[in-house]
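Shown next: protein15.csv, containing CSV, C-alpha atoms.
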```csv
chain,number,residue,atom,x,y,z
A,5,MET,CA,93.1,133.3,62.8
A,6,SER,CA,92.0,132.1,59.3
A,7,ASP,CA,90.3,134.7,57.1
A,8,THR,CA,87.4,132.6,56.2
A,9,SER,CA,86.8,130.7,59.4
A,10,LEU,CA,83.4,129.3,60.2
A,11,ASN,CA,81.7,130.8,63.2
A,12,ILE,CA,81.5,127.8,65.7
A,13,SER,CA,80.3,128.8,69.1
A,14,ARG,CA,80.0,126.7,72.2
A,15,SER,CA,76.3,127.1,72.1
A,16,GLY,CA,75.9,125.8,68.6
A,17,PHE,CA,77.1,125.8,65.1
A,18,ASP,CA,76.4,128.8,62.8
A,19,ALA,CA,77.0,127.8,59.2
A,20,THR,CA,77.4,131.4,58.1
A,21,PRO,CA,81.0,131.9,57.0
A,22,THR,CA,82.5,134.9,58.7
A,23,VAL,CA,85.6,136.9,57.8
A,24,SER,CA,88.1,137.5,60.5
A,25,GLU,CA,87.7,141.1,61.6
A,26,GLY,CA,90.3,141.2,64.4
A,27,GLY,CA,93.2,143.5,64.3
A,28,VAL,CA,96.4,143.0,66.3
A,29,GLY,CA,95.0,145.2,69.1
A,30,ASP,CA,92.0,142.8,69.5
A,31,TYR,CA,94.3,139.9,70.0
A,32,ILE,CA,96.3,141.8,72.6
A,33,ALA,CA,93.0,142.7,74.3
A,34,LEU,CA,92.2,139.0,74.3
A,35,MET,CA,95.2,138.3,76.5
A,36,LYS,CA,93.9,140.7,79.3
A,37,PRO,CA,97.0,142.8,79.3
A,38,ARG,CA,96.2,144.5,82.7
A,39,VAL,CA,95.9,141.2,84.5
A,40,MET,CA,99.0,140.0,82.6
A,41,SER,CA,101.0,142.9,83.9
A,42,LEU,CA,100.2,142.1,87.5
A,43,VAL,CA,101.0,138.4,86.9
A,44,VAL,CA,104.4,139.3,85.2
A,45,PHE,CA,105.2,141.6,88.1
A,46,THR,CA,104.6,139.0,90.8
A,47,GLY,CA,106.3,136.4,88.8
A,48,PHE,CA,109.3,138.7,88.4
A,49,VAL,CA,109.4,139.2,92.2
A,50,GLY,CA,109.5,135.4,92.6
A,51,LEU,CA,112.4,135.3,90.2
A,52,VAL,CA,114.4,138.0,91.9
A,53,VAL,CA,113.9,137.1,95.6
A,54,ALA,CA,114.6,133.4,95.1
A,55,PRO,CA,118.1,132.3,96.3
A,56,GLY,CA,120.5,131.7,93.5
A,57,ALA,CA,121.1,133.4,90.2
A,58,LEU,CA,119.5,133.0,86.8
A,59,HIS,CA,121.2,134.6,83.8
A,60,PRO,CA,119.3,137.8,82.8
A,61,VAL,CA,118.5,136.3,79.4
A,62,LEU,CA,116.8,133.3,81.1
A,63,VAL,CA,115.0,135.7,83.5
A,64,LEU,CA,113.6,137.5,80.4
A,65,ALA,CA,112.7,134.2,78.8
A,66,ALA,CA,110.9,133.0,81.9
A,67,LEU,CA,109.0,136.3,82.1
A,68,ILE,CA,107.9,136.0,78.5
A,69,CYS,CA,106.7,132.5,79.1
A,70,ILE,CA,104.8,133.6,82.2
A,71,ALA,CA,103.3,136.5,80.3
A,72,VAL,CA,102.2,134.4,77.4
A,73,GLY,CA,100.8,131.7,79.7
A,74,ALA,CA,98.8,134.4,81.4
A,75,GLY,CA,97.6,135.7,78.0
A,76,ALA,CA,96.6,132.2,77.1
A,77,SER,CA,94.5,131.9,80.2
A,78,GLY,CA,92.8,135.3,79.4
A,79,ALA,CA,92.0,134.2,75.9
A,80,LEU,CA,90.6,130.8,76.9
A,81,ASN,CA,88.6,132.5,79.6
A,82,MET,CA,87.1,135.0,77.1
A,83,TRP,CA,86.4,132.1,74.7
A,84,TYR,CA,84.4,130.2,77.4
A,85,ASP,CA,82.7,133.2,78.9
A,86,ALA,CA,81.8,135.0,75.7
A,87,ASP,CA,78.0,134.4,76.3
A,88,ILE,CA,78.0,136.2,79.7
A,89,ASP,CA,80.6,138.8,78.7
A,90,ALA,CA,78.2,140.1,76.1
A,91,LYS,CA,75.6,140.8,78.8
A,92,MET,CA,77.8,142.4,81.4
A,93,GLN,CA,78.6,146.2,81.2
A,94,ARG,CA,82.2,145.6,82.3
A,95,THR,CA,82.9,143.0,79.7
A,96,ALA,CA,80.7,143.8,76.8
A,97,GLY,CA,83.5,145.7,75.0
A,98,ARG,CA,85.8,142.6,74.8
A,99,PRO,CA,86.8,141.4,71.3
A,100,ILE,CA,84.4,138.4,71.1
A,101,PRO,CA,81.2,140.2,72.2
A,102,ARG,CA,82.1,143.0,69.8
A,103,GLY,CA,82.4,140.5,66.9
A,104,LYS,CA,86.0,141.3,66.2
A,105,ILE,CA,87.2,137.8,67.0
A,106,THR,CA,85.2,134.6,66.7
A,107,PRO,CA,85.1,132.1,69.7
A,108,ASP,CA,86.8,129.6,67.4
A,109,GLU,CA,89.7,131.9,66.8
A,110,ALA,CA,90.0,132.8,70.5
A,111,LEU,CA,90.1,129.0,71.3
A,112,THR,CA,92.8,128.3,68.8
A,113,PHE,CA,94.8,131.4,69.8
A,114,GLY,CA,94.6,130.6,73.5
A,115,THR,CA,95.5,126.9,73.0
A,116,VAL,CA,98.5,127.7,70.8
A,117,LEU,CA,99.8,130.2,73.4
A,118,ALA,CA,99.1,127.9,76.3
A,119,VAL,CA,101.0,124.9,74.8
A,120,GLY,CA,103.8,127.2,73.4
A,121,SER,CA,104.4,128.9,76.7
A,122,VAL,CA,104.6,125.7,78.7
A,123,VAL,CA,106.8,123.9,76.3
A,124,CYS,CA,109.2,126.9,75.9
A,125,MET,CA,109.3,127.2,79.7
A,126,GLY,CA,110.2,123.6,80.1
A,127,LEU,CA,112.9,123.6,77.3
A,128,MET,CA,114.5,127.0,78.3
A,129,ILE,CA,114.2,127.1,82.1
A,130,ASN,CA,113.1,123.8,83.8
A,131,TRP,CA,110.2,121.4,83.8
A,132,LEU,CA,109.0,122.2,87.4
A,133,SER,CA,108.3,125.8,86.5
A,134,ALA,CA,106.7,124.6,83.2
A,135,GLY,CA,104.5,122.2,85.2
A,136,LEU,CA,103.5,125.0,87.6
A,137,LEU,CA,102.7,127.3,84.6
A,138,ALA,CA,100.6,124.5,83.1
A,139,LEU,CA,98.8,124.0,86.4
A,140,THR,CA,98.1,127.8,86.5
A,141,ILE,CA,96.6,127.8,83.0
A,142,GLY,CA,94.7,124.6,83.6
A,143,PHE,CA,93.4,125.7,87.0
A,144,TYR,CA,92.2,129.0,85.7
A,145,LEU,CA,90.4,127.5,82.7
A,146,PHE,CA,89.1,124.2,83.9
A,147,VAL,CA,88.6,124.7,87.7
A,148,TYR,CA,87.8,128.4,87.9
A,149,THR,CA,86.2,129.4,84.5
A,150,MET,CA,84.5,126.1,83.5
A,151,TRP,CA,83.7,124.5,86.9
A,152,LEU,CA,83.4,127.0,89.7
A,153,LYS,CA,82.6,130.5,88.3
A,154,ARG,CA,78.9,129.7,87.4
A,155,ARG,CA,78.3,127.2,90.3
A,156,THR,CA,79.5,128.5,93.6
A,157,PRO,CA,80.1,131.8,95.5
A,158,GLN,CA,83.4,130.4,96.5
A,159,ASN,CA,84.5,130.7,92.8
A,160,ILE,CA,87.1,133.4,93.3
A,161,VAL,CA,88.3,132.0,96.6
A,162,ILE,CA,89.4,128.7,95.1
A,163,GLY,CA,90.0,130.1,91.6
A,164,GLY,CA,92.3,132.7,93.2
A,165,ALA,CA,94.9,130.0,93.4
A,166,ALA,CA,95.6,130.4,89.7
A,167,GLY,CA,96.5,134.1,90.1
A,168,ALA,CA,98.6,133.3,93.2
A,169,LEU,CA,100.9,130.8,91.5
A,170,PRO,CA,103.2,133.2,89.4
A,171,PRO,CA,105.6,134.0,92.2
A,172,MET,CA,106.0,130.3,92.9
A,173,ILE,CA,106.7,129.8,89.1
A,174,GLY,CA,109.4,132.5,89.3
A,175,TRP,CA,110.8,130.9,92.5
A,176,ALA,CA,110.8,127.4,90.8
A,177,ALA,CA,112.5,128.8,87.7
A,178,VAL,CA,115.5,129.9,89.8
A,179,THR,CA,115.7,127.2,92.4
A,180,GLY,CA,114.1,124.2,90.7
A,181,THR,CA,112.2,123.6,93.9
A,182,VAL,CA,109.0,124.8,95.7
A,183,SER,CA,109.7,126.1,99.2
A,184,LEU,CA,108.1,127.8,102.2
A,185,GLU,CA,109.1,131.2,100.9
A,186,GLY,CA,107.4,130.6,97.5
A,187,PHE,CA,104.4,129.3,99.3
A,188,ILE,CA,104.1,132.4,101.5
A,189,LEU,CA,104.1,134.6,98.4
A,190,PHE,CA,101.4,132.4,97.0
A,191,LEU,CA,99.4,132.6,100.2
A,192,ILE,CA,99.6,136.4,100.2
A,193,ILE,CA,97.9,136.7,96.8
A,194,PHE,CA,95.5,133.8,97.6
A,195,LEU,CA,94.2,135.6,100.6
A,196,TRP,CA,94.3,139.0,98.9
A,197,THR,CA,92.0,137.8,96.0
A,198,PRO,CA,88.7,137.5,97.8
A,199,PRO,CA,88.5,140.9,99.4
A,200,HIS,CA,89.8,142.5,96.2
A,201,PHE,CA,87.2,140.9,93.9
A,202,TRP,CA,84.3,141.1,96.4
A,203,ALA,CA,85.0,144.8,96.9
A,204,LEU,CA,84.5,145.1,93.1
A,205,ALA,CA,81.5,142.8,93.0
A,206,LEU,CA,79.7,144.7,95.8
A,207,ASN,CA,79.1,147.6,93.3
A,208,ARG,CA,78.4,145.3,90.3
A,209,THR,CA,75.8,143.0,91.9
A,210,GLU,CA,73.2,143.7,89.2
A,211,ASP,CA,75.6,142.8,86.4
A,212,TYR,CA,76.4,139.4,88.0
A,213,LYS,CA,72.8,138.7,88.9
A,214,ARG,CA,71.7,139.4,85.3
A,215,VAL,CA,74.0,136.8,83.9
A,216,GLY,CA,73.5,134.3,86.7
A,217,VAL,CA,77.1,134.3,88.1
A,218,PRO,CA,76.7,133.4,91.8
A,219,MET,CA,79.1,135.9,93.2
A,220,LEU,CA,78.9,136.2,96.9
A,221,PRO,CA,76.9,139.5,97.0
A,222,VAL,CA,74.3,137.9,94.7
A,223,VAL,CA,74.0,134.7,96.6
A,224,ALA,CA,74.6,135.6,100.2
A,225,GLY,CA,73.8,139.3,100.1
A,226,ALA,CA,75.9,142.5,100.6
A,227,ASP,CA,76.2,142.2,104.4
A,228,ALA,CA,77.5,138.7,104.4
A,229,THR,CA,80.0,139.8,101.7
A,230,ARG,CA,81.1,142.7,103.8
A,231,ARG,CA,81.7,140.3,106.8
A,232,GLN,CA,83.8,137.9,104.5
A,233,ILE,CA,85.8,140.8,103.2
A,234,LEU,CA,86.7,141.8,106.8
A,235,ILE,CA,87.6,138.2,107.8
A,236,TYR,CA,89.9,137.8,104.8
A,237,SER,CA,91.5,141.2,105.4
A,238,VAL,CA,92.2,140.3,109.0
A,239,LEU,CA,93.8,137.0,107.8
A,240,LEU,CA,95.7,138.7,105.0
A,241,ALA,CA,97.4,141.4,107.2
A,242,PRO,CA,99.6,139.0,109.3
A,243,VAL,CA,100.3,136.7,106.3
A,244,GLY,CA,101.4,139.8,104.4
A,245,LEU,CA,103.8,140.6,107.3
A,246,SER,CA,105.2,137.0,107.5
A,247,PRO,CA,108.0,137.4,104.9
A,248,ALA,CA,109.7,139.7,107.4
A,249,PHE,CA,109.8,136.8,109.9
A,250,ILE,CA,111.1,134.1,107.6
A,251,GLY,CA,114.0,136.2,106.2
A,252,LEU,CA,112.4,136.9,102.9
A,253,GLY,CA,111.8,140.5,103.7
A,254,GLY,CA,113.8,142.9,105.9
A,255,THR,CA,113.0,145.8,108.2
A,256,LEU,CA,111.6,148.1,105.4
A,257,TYR,CA,109.3,145.3,104.3
A,258,GLY,CA,108.2,144.6,107.8
A,259,VAL,CA,107.3,148.3,108.5
A,260,THR,CA,105.6,148.6,105.1
A,261,ALA,CA,103.6,145.4,105.3
A,262,GLY,CA,102.5,146.3,108.9
A,263,LEU,CA,101.3,149.8,107.8
A,264,LEU,CA,99.6,148.6,104.6
A,265,GLY,CA,98.0,145.6,106.4
A,266,ALA,CA,96.6,147.9,109.1
A,267,LEU,CA,95.2,150.2,106.4
A,268,PHE,CA,93.7,147.3,104.5
A,269,VAL,CA,91.9,146.1,107.6
A,270,ALA,CA,90.8,149.7,108.4
A,271,LEU,CA,89.3,150.1,104.9
A,272,ALA,CA,87.7,146.7,105.1
A,273,TRP,CA,86.2,147.8,108.5
A,274,LEU,CA,84.7,150.9,106.7
A,275,VAL,CA,83.2,148.6,104.1
A,276,TYR,CA,81.7,146.5,106.9
A,277,LYS,CA,80.3,149.5,108.7
A,278,ARG,CA,79.0,151.6,105.8
A,279,ARG,CA,76.1,149.6,104.3
A,280,GLU,CA,73.9,152.2,102.7
A,281,GLY,CA,74.0,154.5,99.7
A,282,ARG,CA,76.9,156.4,98.3
A,283,ALA,CA,79.1,156.0,101.4
A,284,ALA,CA,78.9,152.2,101.0
A,285,GLU,CA,79.7,152.4,97.3
A,286,ARG,CA,82.6,154.7,98.0
A,287,ALA,CA,84.0,152.5,100.7
A,288,ALA,CA,84.0,149.4,98.5
A,289,ARG,CA,85.6,151.4,95.6
A,290,GLN,CA,88.3,152.7,97.9
A,291,LEU,CA,89.1,149.2,99.2
A,292,PHE,CA,89.2,147.8,95.6
A,293,SER,CA,91.7,150.5,94.5
A,294,PHE,CA,93.8,150.3,97.7
A,295,SER,CA,94.0,146.5,97.4
A,296,ILE,CA,95.8,146.8,94.0
A,297,LEU,CA,98.2,149.3,95.6
A,298,TYR,CA,98.7,147.0,98.6
A,299,LEU,CA,99.9,144.1,96.5
A,300,LEU,CA,102.0,146.3,94.2
A,301,LEU,CA,103.8,148.0,97.1
A,302,LEU,CA,104.3,144.8,99.1
A,303,PHE,CA,106.0,143.1,96.2
A,304,ALA,CA,107.8,146.2,95.1
A,305,VAL,CA,109.4,146.6,98.5
A,306,LEU,CA,110.6,143.0,98.3
A,307,LEU,CA,112.3,143.9,95.0
A,308,VAL,CA,113.8,147.1,96.4
A,309,GLU,CA,115.2,145.3,99.4
A,310,GLN,CA,116.7,142.7,97.1
A,311,ALA,CA,118.2,145.4,94.9
A,312,PHE,CA,119.7,147.2,97.8
A,313,GLY,CA,120.9,143.9,99.4
A,314,GLY,CA,122.7,143.1,96.1
A,315,LEU,CA,124.1,146.6,95.9
A,316,LEU,CA,125.5,146.4,99.5
A,317,ALA,CA,127.0,142.9,98.8
A,318,TRP,CA,128.6,144.3,95.7
A,319,THR,CA,130.1,147.4,97.4
A,320,THR,CA,131.6,145.5,100.4
B,66,MET,CA,83.9,131.3,42.0
B,67,ASP,CA,81.1,133.8,42.6
B,68,ASP,CA,80.5,132.5,46.2
B,69,MET,CA,84.1,133.2,47.2
B,70,ILE,CA,84.4,135.8,50.0
B,71,GLN,CA,85.6,139.1,48.8
B,72,LEU,CA,87.6,140.9,51.4
B,73,THR,CA,87.1,144.6,51.8
B,74,GLU,CA,90.1,147.0,51.9
B,75,GLU,CA,89.8,147.3,55.7
B,76,GLN,CA,89.8,143.5,56.1
B,77,LYS,CA,92.8,143.1,53.8
B,78,LYS,CA,94.6,145.8,55.9
B,79,ARG,CA,93.8,143.9,59.1
B,80,ARG,CA,94.9,140.6,57.6
B,81,ARG,CA,98.2,142.2,56.6
B,82,SER,CA,98.7,143.7,60.1
B,83,ARG,CA,98.1,140.2,61.6
B,84,SER,CA,100.6,138.6,59.2
B,85,VAL,CA,103.2,141.2,60.0
B,86,ALA,CA,102.7,140.7,63.8
B,87,ILE,CA,103.0,137.0,63.4
B,88,ALA,CA,106.2,137.5,61.4
B,89,TRP,CA,107.7,139.7,64.1
B,90,VAL,CA,106.8,137.2,66.8
B,91,LEU,CA,108.3,134.3,64.9
B,92,GLY,CA,111.5,136.4,64.3
B,93,ALA,CA,111.7,137.3,67.9
B,94,LEU,CA,111.3,133.7,68.9
B,95,VAL,CA,114.2,132.6,66.6
B,96,VAL,CA,116.4,135.3,68.2
B,97,LEU,CA,115.4,134.3,71.7
B,98,PHE,CA,116.0,130.6,71.1
B,99,PHE,CA,119.4,131.3,69.6
B,100,ILE,CA,120.5,133.6,72.6
B,101,VAL,CA,119.1,131.1,75.2
B,102,THR,CA,121.0,128.3,73.5
B,103,ILE,CA,124.2,130.2,73.6
B,104,VAL,CA,123.6,131.2,77.3
B,105,ARG,CA,122.8,127.7,78.4
B,106,LEU,CA,125.7,126.1,76.5
B,107,GLY,CA,128.1,128.8,77.5
B,108,GLY,CA,131.7,128.0,76.8
B,109,ASN,CA,130.9,124.4,76.2
B,110,VAL,CA,129.5,125.1,72.7
B,111,ALA,CA,132.8,124.2,71.2
B,112,SER,CA,133.8,121.3,73.4
B,113,ARG,CA,131.5,118.6,72.0
B,114,SER,CA,132.7,115.4,70.4
B,115,LEU,CA,132.2,115.4,66.7
```

What is this structure when it is put down as C-alpha cells?
Amino acid sequence: MSDTSLNISRSGFDATPTVSEGGVGDYIALMKPRVMSLVVFTGFVGLVVAPGALHPVLVLAALICIAVGAGASGALNMWYDADIDAKMQRTAGRPIPRGKITPDEALTFGTVLAVGSVVCMGLMINWLSAGLLALTIGFYLFVYTMWLKRRTPQNIVIGGAAGALPPMIGWAAVTGTVSLEGFILFLIIFLWTPPHFWALALNRTEDYKRVGVPMLPVVAGADATRRQILIYSVLLAPVGLSPAFIGLGGTLYGVTAGLLGALFVALAWLVYKRREGRAAERAARQLFSFSILYLLLLFAVLLVEQAFGGLLAWTT
Amino acid sequence: MDDMIQLTEEQKKRRRSRSVAIAWVLGALVVLFFIVTIVRLGGNVASRSL
C-alpha cells in the first residue's frame, strides 16, 4: 500500500513508478465481500451447531479470522488472475484491472491478511482451526487458482474443497476436533459447488473461452455440462438430507432439506432438458439463483433449530 | 528533487482515508486482543505467581 510503489506484475517488470490510486472501498472489493459473507455464514453455522460452547467473544474472534482469511484468498486470487480478469466482462471491473490497485499491492495485502488471520486464529482459538484456515487459503490459491483453474475442467470440482472448509473450521474452533458432522457439512458445500458454478458458466461460455479458462462448457460442451449438473444435483440432494439422519438436524431440517433437494433436482432436470435459446439460458439462470438460496436456507434451518433447541433447554 | 512524485489532492485524500482505515483496524485489533485475553484468562488473571 505504499504511495510510490513500482508496478511489478507477474508477467514482467514495468519500471514506471505508479502512485497508489486505491481507496478503502477498492481494498474491500479486493476481498470479494459477497463470497466472504457466504463463507462467514457457513463458518458461523459450524461454530453454532458444534457440541460444546465457545464464549461469544471467541465466536466473534473466530468469525473475524475466517472472514479475513476468506478476504486474503480473494485478494491473492485477484492478484494471480489479474490478466484474465481484465478480459472477462464479469471481472473487468475489479480493482486491479481498473488500475486502482497494483498487483504488487494486492499480493502484499493478501499475504499480510492470510498470515495475520491464521496466526490470530491459532493464538486466540486453537491451532487445529488455524491449520484448517491455512489449508483453505493455501488450497484456494495454490491448488485452485494457480494449478487447476487454467488447466482442467475439473477446476471447480476439486477447488470447491476450499469453499467447503469453513463449517469444518467453525466446528474445529469449538470442539478442537474434526468429526463426521463437520465432514457432512463440508460434503454438502463440496457437492453443491459444481452445479452452482456450471449453471453460471453455461451462460458465460464465451467469456471463459476468450481467456482460455477450460471451464466444463468450454471443453466438453453445454450438453455434457448439463448432464454433469444433473448428476451432481442428484448426489447433493441425499447428502443435503443426511444431517437429519445423524442427529445434526431435526424434523424441520429434514423436511426443508427434502423439499429443497427435490426442487434442486427438478431445476437441474429443466437445465438438462432445455438446451436451446432463451429457455435454456433462463433454466441455467434459475438454477444458479436457486442454488444460492438452497445453501442459505439449509444452513439457516440448522441455525434456527439450534436456537430453538437452546431456547427449549433454557425454559425447561 | 524535481523527479519526486507530486500527489494530487485526490491521491492525498485517498492516502489519508487508507491511513485512517489502517488506524481503525489496528485500534480494533488492540481492543479485540485485550478482551480475548481477559476472556481466556477469566478469573485466573489475578492468581499467577509473581

- Query: Mind listing as a ChimeraX atom specification which residues of chain B are within 7 Å of chain A, counting all atoms listed in the file?
  - Reply: /B:76,79,82-83,101

- Message: To one decimal place in Å, what is the distance between CA of Ala261 (chain A) and CA of Ile296 (chain A)?
- Response: 13.8 Å

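In this structure, CA of Phe45 (chain A) sits 18.8 Å away from CA of Leu139 (chain A).
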
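Here CA of Arg289 (chain A) is placed at a distance of 18.8 Å from CA of Leu240 (chain A).
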
- Counting only C-alpha atoms, the residue of A:Ala311, A:Leu117, A:Leu291, A:Val53 that sits nearest Ile141 (chain A):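 Closest candidate: A:Leu117.
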
- Message: Using only C-alpha atoms, can you tell me which of A:Leu245, A:Val182, A:Val63, A:Leu152 comes closest to Leu97 (chain B)?
- Response: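 Using only C-alpha atoms, the shortest distance to Leu97 (chain B) belongs to A:Val63.
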
- Neighbour residues at most 7 Å from (105.6, 128.0, 92.3) (all atoms listed in the file) as an NGL selection string: :A and (133 or 136 or 169-176 or 182 or 186)

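With all atoms listed in the file as the basis for measurement, A:Val52 is the residue among A:Ala33, A:Ala272, A:Ala266, A:Val52 that approaches Val178 (chain A) most closely.
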
- Query: If I put a ball of radius 7 Å at (80.7, 134.5, 70.9) in the file's coordinates, which residues poke into it when counting only C-alpha atoms, written as a PyMOL selection string?
  - Reply: chain A and resi 13+86-87+100-101+106-107

- Message: Set the distance at 10 Å and use all atoms listed in the file: which residues neighbour region 212-229 of chain A once local chain neighbours fewer than 3 positions away are removed? I'd like the list as a PyMOL selection string.
- Response: chain A and resi 87-93+152-160+198-199+201-203+205-209+232-235+275-279

- Gly135 (chain A) environment, 9 Å, all atoms listed in the file, sequence neighbours closer than 5 positions dropped, as number ranges by chain: A: 122, 125-126, 130, 140, 173

What would region 76-102 of chain B look like with N, CA and C atoms restored, written as an mmCIF file, keeping the file's coordinate frame?
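Result file follows (out-v1.cif):
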```cif
data_model
loop_
_atom_site.group_PDB
_atom_site.id
_atom_site.type_symbol
_atom_site.label_atom_id
_atom_site.label_comp_id
_atom_site.auth_asym_id
_atom_site.auth_seq_id
_atom_site.Cartn_x
_atom_site.Cartn_y
_atom_site.Cartn_z
ATOM 1 N N GLN B 76 89.454 144.834 55.672
ATOM 2 C CA GLN B 76 89.800 143.500 56.100
ATOM 3 C C GLN B 76 91.135 143.016 55.570
ATOM 4 N N LYS B 77 91.459 143.455 54.363
ATOM 5 C CA LYS B 77 92.800 143.100 53.800
ATOM 6 C C LYS B 77 93.887 143.789 54.670
ATOM 7 N N LYS B 78 93.601 145.033 55.099
ATOM 8 C CA LYS B 78 94.600 145.800 55.900
ATOM 9 C C LYS B 78 94.792 145.051 57.252
ATOM 10 N N ARG B 79 93.685 144.584 57.843
ATOM 11 C CA ARG B 79 93.800 143.900 59.100
ATOM 12 C C ARG B 79 94.543 142.553 58.975
ATOM 13 N N ARG B 80 94.255 141.856 57.861
ATOM 14 C CA ARG B 80 94.900 140.600 57.600
ATOM 15 C C ARG B 80 96.441 140.827 57.496
ATOM 16 N N ARG B 81 96.791 141.906 56.782
ATOM 17 C CA ARG B 81 98.200 142.200 56.600
ATOM 18 C C ARG B 81 98.858 142.540 57.952
ATOM 19 N N SER B 82 98.157 143.318 58.782
ATOM 20 C CA SER B 82 98.700 143.700 60.100
ATOM 21 C C SER B 82 98.897 142.432 60.961
ATOM 22 N N ARG B 83 97.957 141.496 60.868
ATOM 23 C CA ARG B 83 98.100 140.200 61.600
ATOM 24 C C ARG B 83 99.300 139.437 61.126
ATOM 25 N N SER B 84 99.438 139.383 59.806
ATOM 26 C CA SER B 84 100.600 138.600 59.200
ATOM 27 C C SER B 84 101.899 139.228 59.637
ATOM 28 N N VAL B 85 101.970 140.564 59.613
ATOM 29 C CA VAL B 85 103.200 141.200 60.000
ATOM 30 C C VAL B 85 103.521 140.950 61.471
ATOM 31 N N ALA B 86 102.480 141.006 62.323
ATOM 32 C CA ALA B 86 102.700 140.700 63.800
ATOM 33 C C ALA B 86 103.180 139.316 63.976
ATOM 34 N N ILE B 87 102.611 138.356 63.261
ATOM 35 C CA ILE B 87 103.000 137.000 63.400
ATOM 36 C C ILE B 87 104.510 136.814 62.952
ATOM 37 N N ALA B 88 104.857 137.503 61.874
ATOM 38 C CA ALA B 88 106.200 137.500 61.400
ATOM 39 C C ALA B 88 107.206 138.002 62.431
ATOM 40 N N TRP B 89 106.840 139.125 63.049
ATOM 41 C CA TRP B 89 107.700 139.700 64.100
ATOM 42 C C TRP B 89 107.839 138.767 65.276
ATOM 43 N N VAL B 90 106.740 138.163 65.687
ATOM 44 C CA VAL B 90 106.800 137.200 66.800
ATOM 45 C C VAL B 90 107.664 136.036 66.514
ATOM 46 N N LEU B 91 107.512 135.474 65.328
ATOM 47 C CA LEU B 91 108.300 134.300 64.900
ATOM 48 C C LEU B 91 109.813 134.698 64.877
ATOM 49 N N GLY B 92 110.086 135.876 64.322
ATOM 50 C CA GLY B 92 111.500 136.400 64.300
ATOM 51 C C GLY B 92 112.058 136.532 65.651
ATOM 52 N N ALA B 93 111.268 137.121 66.551
ATOM 53 C CA ALA B 93 111.700 137.300 67.900
ATOM 54 C C ALA B 93 111.981 135.995 68.627
ATOM 55 N N LEU B 94 111.141 135.012 68.337
ATOM 56 C CA LEU B 94 111.300 133.700 68.900
ATOM 57 C C LEU B 94 112.633 133.042 68.476
ATOM 58 N N VAL B 95 112.927 133.189 67.181
ATOM 59 C CA VAL B 95 114.200 132.600 66.600
ATOM 60 C C VAL B 95 115.371 133.252 67.359
ATOM 61 N N VAL B 96 115.335 134.585 67.498
ATOM 62 C CA VAL B 96 116.400 135.300 68.200
ATOM 63 C C VAL B 96 116.529 134.825 69.639
ATOM 64 N N LEU B 97 115.373 134.733 70.311
ATOM 65 C CA LEU B 97 115.400 134.300 71.700
ATOM 66 C C LEU B 97 115.924 132.904 71.880
ATOM 67 N N PHE B 98 115.475 131.978 71.032
ATOM 68 C CA PHE B 98 116.000 130.600 71.100
ATOM 69 C C PHE B 98 117.476 130.538 70.884
ATOM 70 N N PHE B 99 117.934 131.331 69.941
ATOM 71 C CA PHE B 99 119.400 131.300 69.600
ATOM 72 C C PHE B 99 120.167 131.829 70.853
ATOM 73 N N ILE B 100 119.738 132.976 71.414
ATOM 74 C CA ILE B 100 120.500 133.600 72.600
ATOM 75 C C ILE B 100 120.413 132.621 73.772
ATOM 76 N N VAL B 101 119.221 132.055 74.027
ATOM 77 C CA VAL B 101 119.100 131.100 75.200
ATOM 78 C C VAL B 101 119.985 129.920 74.988
ATOM 79 N N THR B 102 120.082 129.424 73.775
ATOM 80 C CA THR B 102 121.000 128.300 73.500
ATOM 81 C C THR B 102 122.413 128.617 73.827
#
```
